[in-house]
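Raw contents of entry_12.txt, compact mmCIF, C-alpha atoms:
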```txt
# COMPACT_ATOMS: atom_id res chain seq x y z
CA MET A 1 3.61 18.36 -2.90
CA ARG A 2 5.75 17.13 -5.79
CA ILE A 3 7.27 13.73 -5.25
CA ILE A 4 9.03 11.34 -7.55
CA VAL A 5 7.98 7.71 -7.45
CA ARG A 6 10.40 5.22 -8.97
CA GLN A 7 10.85 1.49 -9.05
CA ALA A 8 12.78 0.23 -6.06
CA LYS A 9 16.28 -1.17 -6.42
CA LEU A 10 17.22 -4.52 -4.89
CA SER A 11 19.81 -2.66 -2.83
CA GLU A 12 16.97 -0.76 -1.10
CA ALA A 13 15.30 -3.86 0.38
CA THR A 14 16.77 -3.25 3.83
CA ALA A 15 15.63 0.38 3.83
CA ILE A 16 12.12 -0.62 2.73
CA ALA A 17 11.93 -3.26 5.48
CA ARG A 18 13.12 -0.67 8.00
CA LEU A 19 10.40 1.77 6.81
CA HIS A 20 7.65 -0.85 7.15
CA SER A 21 8.91 -1.78 10.62
CA ALA A 22 8.91 1.89 11.68
CA VAL A 23 5.29 2.20 10.52
CA ALA A 24 4.36 -1.00 12.40
CA ASP A 25 6.03 0.34 15.56
CA SER A 26 4.23 3.69 15.22
CA LEU A 27 0.80 2.06 14.72
CA THR A 28 1.40 -0.28 17.65
CA ARG A 29 2.40 2.65 19.86
CA ASP A 30 -0.70 4.64 18.81
CA PHE A 31 -3.32 1.86 18.64
CA GLY A 32 -1.91 -1.08 20.58
CA PRO A 33 -0.91 -4.45 19.16
CA GLY A 34 -2.78 -5.80 16.16
CA HIS A 35 -2.32 -7.18 12.68
CA TRP A 36 -0.52 -3.94 11.80
CA SER A 37 2.23 -4.75 14.32
CA SER A 38 3.99 -7.27 12.06
CA LYS A 39 7.57 -6.48 11.14
CA VAL A 40 8.79 -6.81 7.57
CA SER A 41 12.16 -8.42 6.86
CA GLU A 42 14.59 -7.74 4.05
CA LYS A 43 13.86 -11.27 2.83
CA GLY A 44 10.14 -10.41 2.75
CA VAL A 45 10.81 -7.27 0.70
CA LEU A 46 12.98 -9.21 -1.76
CA PHE A 47 10.16 -11.74 -2.14
CA ALA A 48 7.71 -8.89 -2.80
CA MET A 49 10.10 -7.55 -5.45
CA ARG A 50 10.01 -10.92 -7.21
CA MET A 51 6.21 -11.24 -7.04
CA SER A 52 5.20 -7.64 -7.80
CA THR A 53 6.68 -4.24 -8.58
CA VAL A 54 7.82 -2.23 -5.57
CA TYR A 55 8.01 1.55 -5.82
CA VAL A 56 9.68 4.04 -3.52
CA VAL A 57 9.84 7.72 -2.79
CA SER A 58 13.20 8.80 -1.44
CA ASP A 59 14.82 11.96 -0.35
CA ARG A 60 18.47 12.16 -1.25
CA THR A 61 19.57 9.73 1.42
CA GLU A 62 16.74 7.38 2.41
CA VAL A 63 13.49 5.73 1.41
CA ILE A 64 10.62 7.74 2.91
CA ALA A 65 7.60 6.02 1.33
CA THR A 66 6.76 2.87 -0.60
CA PHE A 67 4.02 0.80 -2.18
CA GLN A 68 3.79 -2.19 -4.44
CA PHE A 69 1.64 -3.04 -7.43
CA GLY A 70 0.83 -6.53 -8.52
CA THR A 71 -1.41 -8.22 -11.03
CA LYS A 72 -1.90 -11.29 -8.86
CA LYS A 73 -4.70 -11.07 -6.30
CA PRO A 74 -3.40 -10.87 -2.71
CA TRP A 75 -4.55 -13.59 -0.30
CA ALA A 76 -6.99 -11.33 1.59
CA ILE A 77 -8.88 -10.04 -1.46
CA ASP A 78 -12.17 -11.67 -2.43
CA LYS A 79 -12.76 -10.75 -6.08
CA SER A 80 -16.53 -11.18 -5.76
CA TYR A 81 -16.76 -7.73 -4.10
CA PHE A 82 -15.27 -5.92 -7.09
CA VAL A 83 -16.51 -4.85 -10.51
CA GLN A 84 -15.36 -7.36 -13.11
CA ARG A 85 -12.37 -5.84 -14.91
CA ALA A 86 -9.90 -7.21 -17.46
CA ARG A 87 -6.69 -5.74 -15.97
CA PRO A 88 -7.01 -4.92 -12.25
CA LEU A 89 -3.92 -3.94 -10.33
CA TYR A 90 -3.57 -4.56 -6.61
CA LEU A 91 -2.04 -1.87 -4.42
CA MET A 92 -0.25 -3.37 -1.44
CA ALA A 93 2.10 -2.46 1.37
CA MET A 94 1.79 1.31 1.15
CA ALA A 95 3.78 3.06 3.86
CA VAL A 96 5.02 6.57 4.63
CA GLU A 97 7.73 7.33 7.18
CA PRO A 98 5.78 8.10 10.40
CA SER A 99 7.54 11.43 11.06
CA LEU A 100 6.53 12.58 7.55
CA GLN A 101 2.90 11.51 7.58
CA ARG A 102 0.10 14.07 7.15
CA ARG A 103 2.25 16.19 4.82
CA GLY A 104 0.72 15.11 1.52
CA ILE A 105 3.28 12.44 0.63
CA GLY A 106 0.76 9.58 0.68
CA ARG A 107 -1.76 11.49 -1.44
CA ALA A 108 0.91 12.55 -3.93
CA MET A 109 2.21 8.98 -4.05
CA LEU A 110 -1.29 7.69 -4.84
CA GLU A 111 -1.59 10.21 -7.68
CA GLN A 112 1.64 8.84 -9.11
CA ALA A 113 0.35 5.29 -8.59
CA LYS A 114 -2.72 6.18 -10.67
CA ARG A 115 -0.45 7.45 -13.46
CA ILE A 116 1.64 4.28 -13.30
CA ALA A 117 -1.52 2.15 -13.40
CA HIS A 118 -2.70 3.90 -16.57
CA GLU A 119 0.69 3.25 -18.21
CA TRP A 120 0.84 -0.39 -17.01
CA PRO A 121 -1.97 -0.61 -18.49
CA GLY A 122 -4.42 -1.30 -15.71
CA ASP A 123 -8.13 -0.63 -15.66
CA SER A 124 -8.65 -0.47 -11.89
CA ILE A 125 -6.74 -0.33 -8.62
CA ARG A 126 -7.90 -2.58 -5.78
CA LEU A 127 -6.75 -2.72 -2.20
CA ASP A 128 -7.70 -3.68 1.31
CA ALA A 129 -7.26 -1.65 4.49
CA TYR A 130 -7.68 -2.56 8.14
CA ASP A 131 -11.19 -1.83 9.37
CA SER A 132 -10.01 -0.33 12.64
CA PRO A 133 -8.73 2.98 13.98
CA ALA A 134 -5.25 1.89 12.81
CA GLY A 135 -6.52 1.43 9.25
CA ALA A 136 -6.21 3.92 6.41
CA GLY A 137 -9.75 3.59 5.06
CA GLY A 138 -10.63 7.26 5.45
CA PHE A 139 -7.45 8.21 3.62
CA TYR A 140 -8.27 6.03 0.62
CA SER A 141 -11.82 7.40 0.48
CA LYS A 142 -10.46 10.96 0.42
CA CYS A 143 -8.16 9.96 -2.44
CA GLY A 144 -11.06 8.86 -4.65
CA PHE A 145 -11.29 5.14 -3.88
CA THR A 146 -14.75 3.63 -3.43
CA GLU A 147 -15.52 1.24 -0.61
CA VAL A 148 -16.87 -1.98 -2.12
CA GLY A 149 -17.11 -4.24 0.90
CA ARG A 150 -16.24 -5.12 4.48
CA VAL A 151 -15.09 -8.59 5.44
CA VAL A 152 -13.33 -10.47 8.18
CA TYR A 153 -10.53 -12.52 6.70
CA ARG A 154 -8.74 -14.95 9.05
CA GLY A 155 -9.82 -12.86 12.00
CA THR A 156 -8.77 -9.55 10.42
CA PRO A 157 -11.51 -6.99 9.71
CA LEU A 158 -10.85 -5.41 6.31
CA ILE A 159 -12.38 -2.82 4.02
CA TYR A 160 -12.07 -3.37 0.28
CA TYR A 161 -11.55 -0.33 -1.95
CA GLU A 162 -11.49 0.09 -5.70
CA LEU A 163 -10.69 2.89 -8.10
CA ILE A 164 -11.89 2.42 -11.68
CA LEU A 165 -9.43 4.01 -14.09
```
Final structure tokens representation of the file:
Amino acid sequence: MRIIVRQAKLSEATAIARLHSAVADSLTRDFGPGHWSSKVSEKGVLFAMRMSTVYVVSDRTEVIATFQFGTKKPWAIDKSYFVQRARPLYLMAMAVEPSLQRRGIGRAMLEQAKRIAHEWPGDSIRLDAYDSPAGAGGFYSKCGFTEVGRVVYRGTPLIYYELIL
């Protein structure tokens, strides 16, 4: 599937928050309440846009997928699990509209993320995923990421993944 990933506009913060909330609702419906049930506000998205770079995939009228890249380590990542690299990028807050999942959008978006990371320039992509049925660990493994550790951070079981570029 061919998708176009572009940097999000400030005016899309509400749409991005709505997308994340739809994903949270879908995961909660499918797996029950958990850490994935948290809603994202427009204010939270605007903060993310200040602290990292937020990307979107949109059809002609709405945001259908998103992720963010940052150079600053997220709170839940323990660097000791990863290969020492000079320019790691952290992939965060990836989401695909629930009604469009399992159609190749997430995989295509990750391929674009890899291209962006090379241009950044980054030398690896790191992320964490929930270690639960609601988590996306299997998806990241299928997309070429290597599991580097499992931890419980503040009561949340996580799997760390890394892709060396």
Could you produce a table of the residues of segment 5-44 of chain A lying within 12 Å of segment 157-161 of chain A, with the nearest pair of atoms per residue and their separation in Å rounded to one decimal, using all atoms listed in the file, ordered by chain and increasing residue number, as a Markdown table?
```
| residue | atom | partner | partner_atom | distance |
| --- | --- | --- | --- | --- |
| A:Gly34 | CA | A:Pro157 | CA | 10.9 |
| A:His35 | CA | A:Pro157 | CA | 9.7 |
| A:Trp36 | CA | A:Pro157 | CA | 11.6 |
```
Distance of atom CA of Ala117 of chain A from atom CA of Glu162 of chain A, expressed in Å to one decimal place:
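According to the coordinates, atom CA of Glu162 of chain A and atom CA of Ala117 of chain A are separated by 12.8 Å.
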May I have the protein, DNA and RNA residues with an atom at most 9 Å from (-4.4, -10.7, -2.1), counting only C-alpha atoms in the file's coordinates, returned as a PyMOL selection string?
chain A and resi 72-78+90+92+127-128
Selected residues written out, C-alpha atoms, as a CSV table (one decimal), keeping the file's coordinate frame:
```
chain,number,residue,atom,x,y,z
A,72,LYS,CA,-1.9,-11.3,-8.9
A,73,LYS,CA,-4.7,-11.1,-6.3
A,74,PRO,CA,-3.4,-10.9,-2.7
A,75,TRP,CA,-4.6,-13.6,-0.3
A,76,ALA,CA,-7.0,-11.3,1.6
A,77,ILE,CA,-8.9,-10.0,-1.5
A,78,ASP,CA,-12.2,-11.7,-2.4
A,90,TYR,CA,-3.6,-4.6,-6.6
A,92,MET,CA,-0.2,-3.4,-1.4
A,127,LEU,CA,-6.8,-2.7,-2.2
A,128,ASP,CA,-7.7,-3.7,1.3
```
Out of A:Tyr140, A:Trp120, A:Phe47, A:Phe145, which residue has the shortest atom-to-atom distance to Pro88 of chain A when counting all atoms listed in the file?
A:Trp120
Separation of atom CA of Asp123 of chain A from atom CA of Ile164 of chain A in Å
6.3 Å
Selected residue of minimal separation from Val148 of chain A among A:Lys39, A:Arg103, A:Lys79, A:Arg87, counting only C-alpha atoms:
A:Lys79
One decimal, in Å: what's the spacing between atom CA of Glu12 of chain A and atom CA of Thr71 of chain A?
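Atom CA of Glu12 of chain A sits 22.2 Å away from atom CA of Thr71 of chain A.
When all atoms listed in the file are used to measure the gap to Gln101 of chain A, the shortest distance among A:Ser141, A:Gln84, A:Ser26, A:Ser124 belongs to A:Ser26.
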With only C-alpha atoms as the atoms that count, which of A:Gly155, A:Gly149, A:Gly70, A:Pro33 lies nearest to Ala134 of chain A?
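Of all the options, A:Pro33 lies closest to Ala134 of chain A.
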Measuring between all atoms listed in the file, which one of A:Ile16, A:Val23, A:Thr28, A:Thr61 shows the shortest distance to Val45 of chain A?
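Looking at the shortest contact to Val45 of chain A, the residue is A:Ile16.
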In terms of the shortest atom-to-atom distance over all atoms listed in the file, which of A:Leu110, A:Asp59, A:Ala129, A:Ala22 is closest to Gly144 of chain A?
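Ranking A:Leu110, A:Asp59, A:Ala129, A:Ala22 by distance to Gly144 of chain A, first place goes to A:Leu110.
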Once you add 4 Å to each side, what are the centre and edge lengths of the axis-aligned box holding all listed atoms of segment 122-138 of chain A? One decimal in Å, as JSON, if you can.
```
{"center_x": -7.8, "center_y": 1.8, "center_z": -0.9, "size_x": 14.8, "size_y": 18.9, "size_z": 37.7}
```
List as a count of residues only the protein and nucleic acid residues near Val96 of chain A, meaning an atom at most 12 Å away when only C-alpha atoms are counted, but skip any in the same chain fewer than 6 places from it.
30
Point (16.5, -0.7, -6.4) neighbourhood (10 Å, all atoms listed in the file) written as JSON, numbers by chain:
{"A": [6, 7, 8, 9, 10, 11, 12, 13, 49, 54, 55, 56]}
